[in-house]
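J.: Dropping the structure in here first, questions after.
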Amino acid sequence: MREMTFTDAAREGLSEEMARDPMIFVVGEGIGARGGNFNTTVGLYDIYGEMRLRDTPISERGFTGLCTGAAVMGARPVVDFMFLDFELDALGDIINQTSRLRWMSNGQVKVPIVLRGGIGIASTGPHHSSSMFSLFMHIPGLHVVAPVFPKDAKGLLKTAIRTDDPVIFLEHKKLMKFRGPVPEGEYLTPFGKASIVREGKDLTIVGISYPLVEALTAADMLEKEGISAEIIDPRTLAPLDIDTILDSVSKTHRLLVVDEDYSPCGAGAEIAAQVVESGFYELDAPVRRLNGAFVPAPISPPLETAVVPNAMNIAQVARALVTE
Amino acid sequence: MEKDDKSPLLLPKYQLLELLKTMLLIRFCEEQLVKSYARGEIPGGMHTYIGEEATATGVCANLRDDDAVFSTHRGHGHALAKGMKPELLLAEVLGKATGSSAGRGGSMHLFAPDVGFYGTSGIVGPSILLASGAGYTAKLEGSDKIGVSFFGDGASNNGVFHEGINMATAWQLPVIFVCENNLYATEVAFSYASKSKNIASRAACYGLPGIVVDGNDVLAVYQAANHAVERARSGEGPTLIECQTYRTRAHAEGMKDVGYRTQEEIEQWKERDPIELWKKRLLEDGVTSEQEIGEMEAEVLKTVEDAIQFARQSPMPDPSDIFDHLFSQEVHHA
Amino acid sequence: MAYEVNLPRLGWDMVEGSLATWLKQDGEFVKAGELIFTVEGDKAIQEIEAYDSGYLRILPDGPQPGQKVPVGTILGYLVSESELDDFEFPNDRTDSQATLEKVGSKELKPNAHATQQDGSGNGASAIRRINISPYAKRLAEGMGIDWKTLKGSGRGGRIMAKDVKAAVSAMELSAKTKEEGYQDVSEVGMVAPAKLETIPPTRISMTQIHRKIAEHMAASAHTTAPVTLTTEVDATELVALRKQLKEGLLVEGQSPPSYNDMLTKIAAKALLEHPWMNARIDGDEIIQINSIHVAIAVDTDRGLLVPVLRDVQTKSLRRIAHESVELIEKTRLGTIGLNELQDGTFTITNLGMYEIDAFTPIIDLPQCAIMGVGQIVAKQVVVDVEREKVAIRQRMVLSLTFDHRLVDGAQAARFLQRVKRLVEKPYLWLAG
């Protein structure tokens, strides 16, 4: 099977969709002729032109609201916000308008919009490193997608564009050059279906976005010590495939959730709560979470290393979990 | 741009009468809702349009069903002028299952997409962005539909005014921005909130035309809107129309009417009641008679009475549907 | 047209208020827009405009100034001139008392969160808590292990699955299993059936009798079409009769008939009148037996045995009583002969001494019916419906299981009804 980077795979998905449906258009800062800060739209402007690859002024709230209105009227916009931190300017409208127009109108209007962009700590500092998964998971009416593997980046982006609901599509910066196999031909990846990336029996590790890659490295280390970790990639956080996680916990009886985002009220807290609610009698130890430190992301390398979970931390926590 | 001169009436009689009929419909509906509110029939708050009827009427008379209007918290007038059925509006405001949103939204979340009405809103301002988006879609699909945003003087000081109007103008979108300047944002005078002479003059900063209109003169509003609609449909881009008008009731039902303004000021504006002004003009110009007006009023009153009866007799909504339409399909969430 | 004048809602969360003062008088003309009364709202006194024009008629029994009433309460009416003379205050004002129906009063089921308040393994508590993980507890209970006796190797002394499994392994007696050490538990589900065998259960060989009983019961269940009828009989007279007999016979130095004896006598009489209850299936034929041999269920330490009183229809109550005592004693001592356990045509089984009210006895093949007897209990019952008189009576439930293959419901019911009559009115025994 051919190998591609995460970004190239996602772009191939976008390109296929744009060829299929003339009502899909992309807005964002620099996504026109320049092809996007993260190369999300390279080559597309030359094919489709200005109406469908629209460079915007620095007006996140403005263009997110504008795209919401466009979606209501029959277009399928993709807001490429570059850094999630910027898109937070539009949070009020994302919550009050984008996420709830369908419900408030009792189904009379729909908002088929994708809000995508870069997340995560990658030598990016306090204003360019947000992940904020649980913030969006907490809003009724939004789907939240965080692929890790290139094939999922493509499949999930295509699904996101075709869904008639608003989708928050979060791409970790450290994954953008991550290479992986991508199938040929047309395929869509469904929401609400986690994938078991590695089978194991001593503990379950749910890795959200980039940290999943670190967890895989940790699993190799642990294997040599005789600890077998099962690694789960949730792929979509809303809808969340809790059943796959519960089945895994029924097998291993121990759960660790690794998430670069903060722990108070993080995605891991929700997963832990659901596992305790529905899988209480499977747990042989408390559910553990490993999160990024509860501080804004620092820029200097030793500081950054200290705040993000890496393979060593994950292995350490996993070791403690299987013996505690 | 300067205030438009009064041109000779060039519209056919039925259209001139239609303007009166729409204003009457809005007025009688609002008066009925005021009574209903006082009787405790309405859950939540309500903001009436009484005194501003000419603005919604004059603008919407130029629009088609496939043009999209986005409105504000004070939106009953826009909804009715755009063609929303009064019984759906009243039932929704009363929180009934037969309302336009089956009781989910109430006064501030009215939707009637079949006549191009895409929502009143509890947050001021976003109508500017949403209407711009509607214009974008029209341009993308190559149609001549337009997007229309109604907002108030309060919203004109919000960031969306700047971001939305700037982008719509830069991209030459088919949009009309209608600012209803009724002098007060809730209870804060515009003159206190801004040193701008008026709102229309801000248009110059963005490069689109800005028009000031007497918001209580329905014909003047009609003509200004007509001009803006033509511009939009022919691809010349957006227009900002500032309609100077006044609401003769408090910001929201139950709130005090004076304190931030004087009774004298209210009385002065009541003398410029848009409906009375238009009736007077129609009579003076021999377009209609007192009797015809009387018949029209009786007809509209009956429509409103039927609508309120419908609303009152309708059932309350059933909470078992509460999760419907959160997503396009059944999605298993937490 | 009369327009209502209501207490208005000022402020979206106002639910009640009071009229402060009328600014117009009863009978005065009010023009729409004029101030008509003042209201004491949440914040201050507010002046209220009339929405309509008309002559004010104040409700004479309406709310008084200062009286708190719900929003929407009618204070009066504005009446047009033409209607004024004939105007009467409507009686039914209920639909105008427009209080807001509480939208959303139906509570949506909230997301049930089971919050766990106990901190696991913090060690700060003065009382020693035995901590065990939920999974380990489930395993322990499934394997029948008292986990409270286990020592935990988890953090803070928590008992984990591996501790439970270790305990199970330790209990295994054979050296062979000890060598295996930890079992691969990935296939172990809810309960580990393999492990159950390592704790030897108590084994009891079935005696001949047990096997026979087991076979017999199974055969009955598989062969018959059993239906149980119950009826509550008034045993007051029966109790009184026994008392008399007791008193009478004691004088003579003999033990009185038991309730079973009396019921045996009663059953025999009823069986004579209802011969289809004293029958059996033999191939394609139903054999009605002309002798009544009543089998009595006796509980012994060797199991349930059912000695038979033969030809009851020919015997007096005294003789039945005497013979039953003998039979029961022989049964209990184990000296009963096989022939004395055979050929019963009807069985009576009494669980009254265990305070059982009613039950579903199993037919003793090849018989076609069995009567279960419950305890005799004093109850308050209606003795005269029309005069509504109640009294305390002795009550007893009879449970008759019959084989629907050869007896139908009505037949069995009639038999049981007859038994009931005979119990309730023992003097009927004399009537031939």
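Chain identifiers are assigned as A, B, and so on, following the order in which chains appear in the structure tokens; residues are numbered from 1 within each chain, and ligands are numbered from 1 in order of appearance.
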Using only C-alpha atoms, determine which residues lie at most 8 Å from Met23 of chain B, disregarding the query and same-chain residues fewer than 2 positions distant; provide the list as a VMD selection string.
T.: chain B and resid 19 to 21 25 to 27 53 to 54 57 81 275
J.: Hey, list the chain B side of the contact with chain C: 12 Å cut-off, only C-alpha atoms, answer as JSON, numbers by chain.
T.: {"B": [31, 32, 33, 34, 35, 36, 37, 38, 39, 40, 41, 42, 43, 44, 45, 46, 47, 94, 95, 96, 97, 103, 104, 106, 249, 250, 251, 252, 253, 254, 255, 256, 257, 258, 267, 312, 313, 315, 316, 317, 318, 319, 320, 321, 322, 323, 334]}
J.: Can you list, as an MDAnalysis selection string, every protein, DNA or RNA residue that comes within 7 Å of segment 309-320 of chain A when you count only C-alpha atoms, leaving out same-chain residues fewer than 3 positions away?
T.: chainID A and resid 211 214:215 217:218 222 260 290:292 323:324
J.: Identify, on the basis of only C-alpha atoms, every residue whose closest approach to Pro226 of chain C does not exceed 8 Å; exclude the query and any residue fewer than 4 positions from it along the same chain; express the result as a PyMOL selection string.
T.: chain C and resi 221+362-363+401-404
J.: Could you write those residues out with C-alpha atoms, as a compact mmCIF listing (two decimals), in the first residue's frame?
T.:
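Done, and the output landed in again.txt:
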# COMPACT_ATOMS: atom_id res chain seq x y z
CA ALA C 221 -43.89 -33.82 35.88
CA ILE C 362 -47.11 -33.13 42.61
CA ILE C 363 -49.38 -35.97 41.60
CA THR C 401 -53.68 -30.83 41.97
CA PHE C 402 -55.42 -32.98 39.39
CA ASP C 403 -54.33 -34.57 36.14
CA HIS C 404 -56.08 -32.80 33.34
J.: Please, which residues of segment 156-185 of chain B, numbered as in this document, come out helix (DSSP H, G or I) from DSSP, as a list in words?
T.: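 Matching residues for helix (DSSP H, G or I) in segment 156-185 of chain B are Ser156, Asn157, Gly159, Val160, Phe161, His162, Glu163, Gly164, Ile165, Asn166, Met167, Ala168, Thr169 and Ala170 of chain B.
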J.: Check every residue of chain B for an atom within 8 Å of chain A, counting only C-alpha atoms, and provide those that qualify as a ChimeraX atom specification.
T.: /B:100-102,104-105,109-113,118,123,126,129-137,140-141,160,163-164,167,324-328,331-334
J.: Next, write the just-selected residues to a file, as a PDB file, in the first residue's frame, keeping C-alpha atoms as the atom set.
T.:
ATOM      1  CA  SER B 100     -42.412  27.212  14.109  1.00  0.00           C
ATOM      2  CA  SER B 101     -39.786  25.539  16.284  1.00  0.00           C
ATOM      3  CA  ALA B 102     -42.237  23.390  18.242  1.00  0.00           C
ATOM      4  CA  ARG B 104     -37.939  25.182  21.421  1.00  0.00           C
ATOM      5  CA  GLY B 105     -37.003  28.727  20.606  1.00  0.00           C
ATOM      6  CA  HIS B 109     -35.653  31.878  17.653  1.00  0.00           C
ATOM      7  CA  LEU B 110     -38.317  32.063  14.962  1.00  0.00           C
ATOM      8  CA  PHE B 111     -37.605  30.263  11.691  1.00  0.00           C
ATOM      9  CA  ALA B 112     -39.598  30.119   8.458  1.00  0.00           C
ATOM     10  CA  PRO B 113     -37.206  28.918   5.746  1.00  0.00           C
ATOM     11  CA  TYR B 118     -33.769  32.252   8.786  1.00  0.00           C
ATOM     12  CA  ILE B 123     -27.397  37.392  20.436  1.00  0.00           C
ATOM     13  CA  PRO B 126     -24.364  37.539  14.142  1.00  0.00           C
ATOM     14  CA  LEU B 129     -22.285  37.473   9.464  1.00  0.00           C
ATOM     15  CA  LEU B 130     -25.001  34.959   8.634  1.00  0.00           C
ATOM     16  CA  ALA B 131     -26.539  37.217   5.989  1.00  0.00           C
ATOM     17  CA  SER B 132     -23.081  37.736   4.498  1.00  0.00           C
ATOM     18  CA  GLY B 133     -22.729  33.977   4.352  1.00  0.00           C
ATOM     19  CA  ALA B 134     -26.049  33.718   2.571  1.00  0.00           C
ATOM     20  CA  GLY B 135     -24.728  36.212   0.062  1.00  0.00           C
ATOM     21  CA  TYR B 136     -21.601  34.109  -0.328  1.00  0.00           C
ATOM     22  CA  THR B 137     -23.588  30.992  -1.129  1.00  0.00           C
ATOM     23  CA  LEU B 140     -21.008  30.600  -5.232  1.00  0.00           C
ATOM     24  CA  GLU B 141     -24.006  28.921  -6.790  1.00  0.00           C
ATOM     25  CA  VAL B 160     -19.218  41.559  13.884  1.00  0.00           C
ATOM     26  CA  GLU B 163     -15.706  42.037  10.410  1.00  0.00           C
ATOM     27  CA  GLY B 164     -18.897  41.238   8.538  1.00  0.00           C
ATOM     28  CA  MET B 167     -15.605  41.033   4.312  1.00  0.00           C
ATOM     29  CA  ASP B 324     -34.460  15.218  17.904  1.00  0.00           C
ATOM     30  CA  HIS B 325     -32.612  17.350  15.374  1.00  0.00           C
ATOM     31  CA  LEU B 326     -29.486  17.759  17.467  1.00  0.00           C
ATOM     32  CA  PHE B 327     -27.764  15.993  14.601  1.00  0.00           C
ATOM     33  CA  SER B 328     -28.819  15.065  11.121  1.00  0.00           C
ATOM     34  CA  VAL B 331     -25.736   9.637  16.638  1.00  0.00           C
ATOM     35  CA  HIS B 332     -24.693   7.890  19.771  1.00  0.00           C
ATOM     36  CA  HIS B 333     -23.219  10.485  22.067  1.00  0.00           C
ATOM     37  CA  ALA B 334     -22.380  10.352  25.743  1.00  0.00           C
TER      38      ALA B 334
END
J.: State, in Å with one decimal place, the distance from atom CA of Trp171 of chain B to atom CA of Gly35 of chain A.
T.: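 Interatomic distance here is 19.4 Å.
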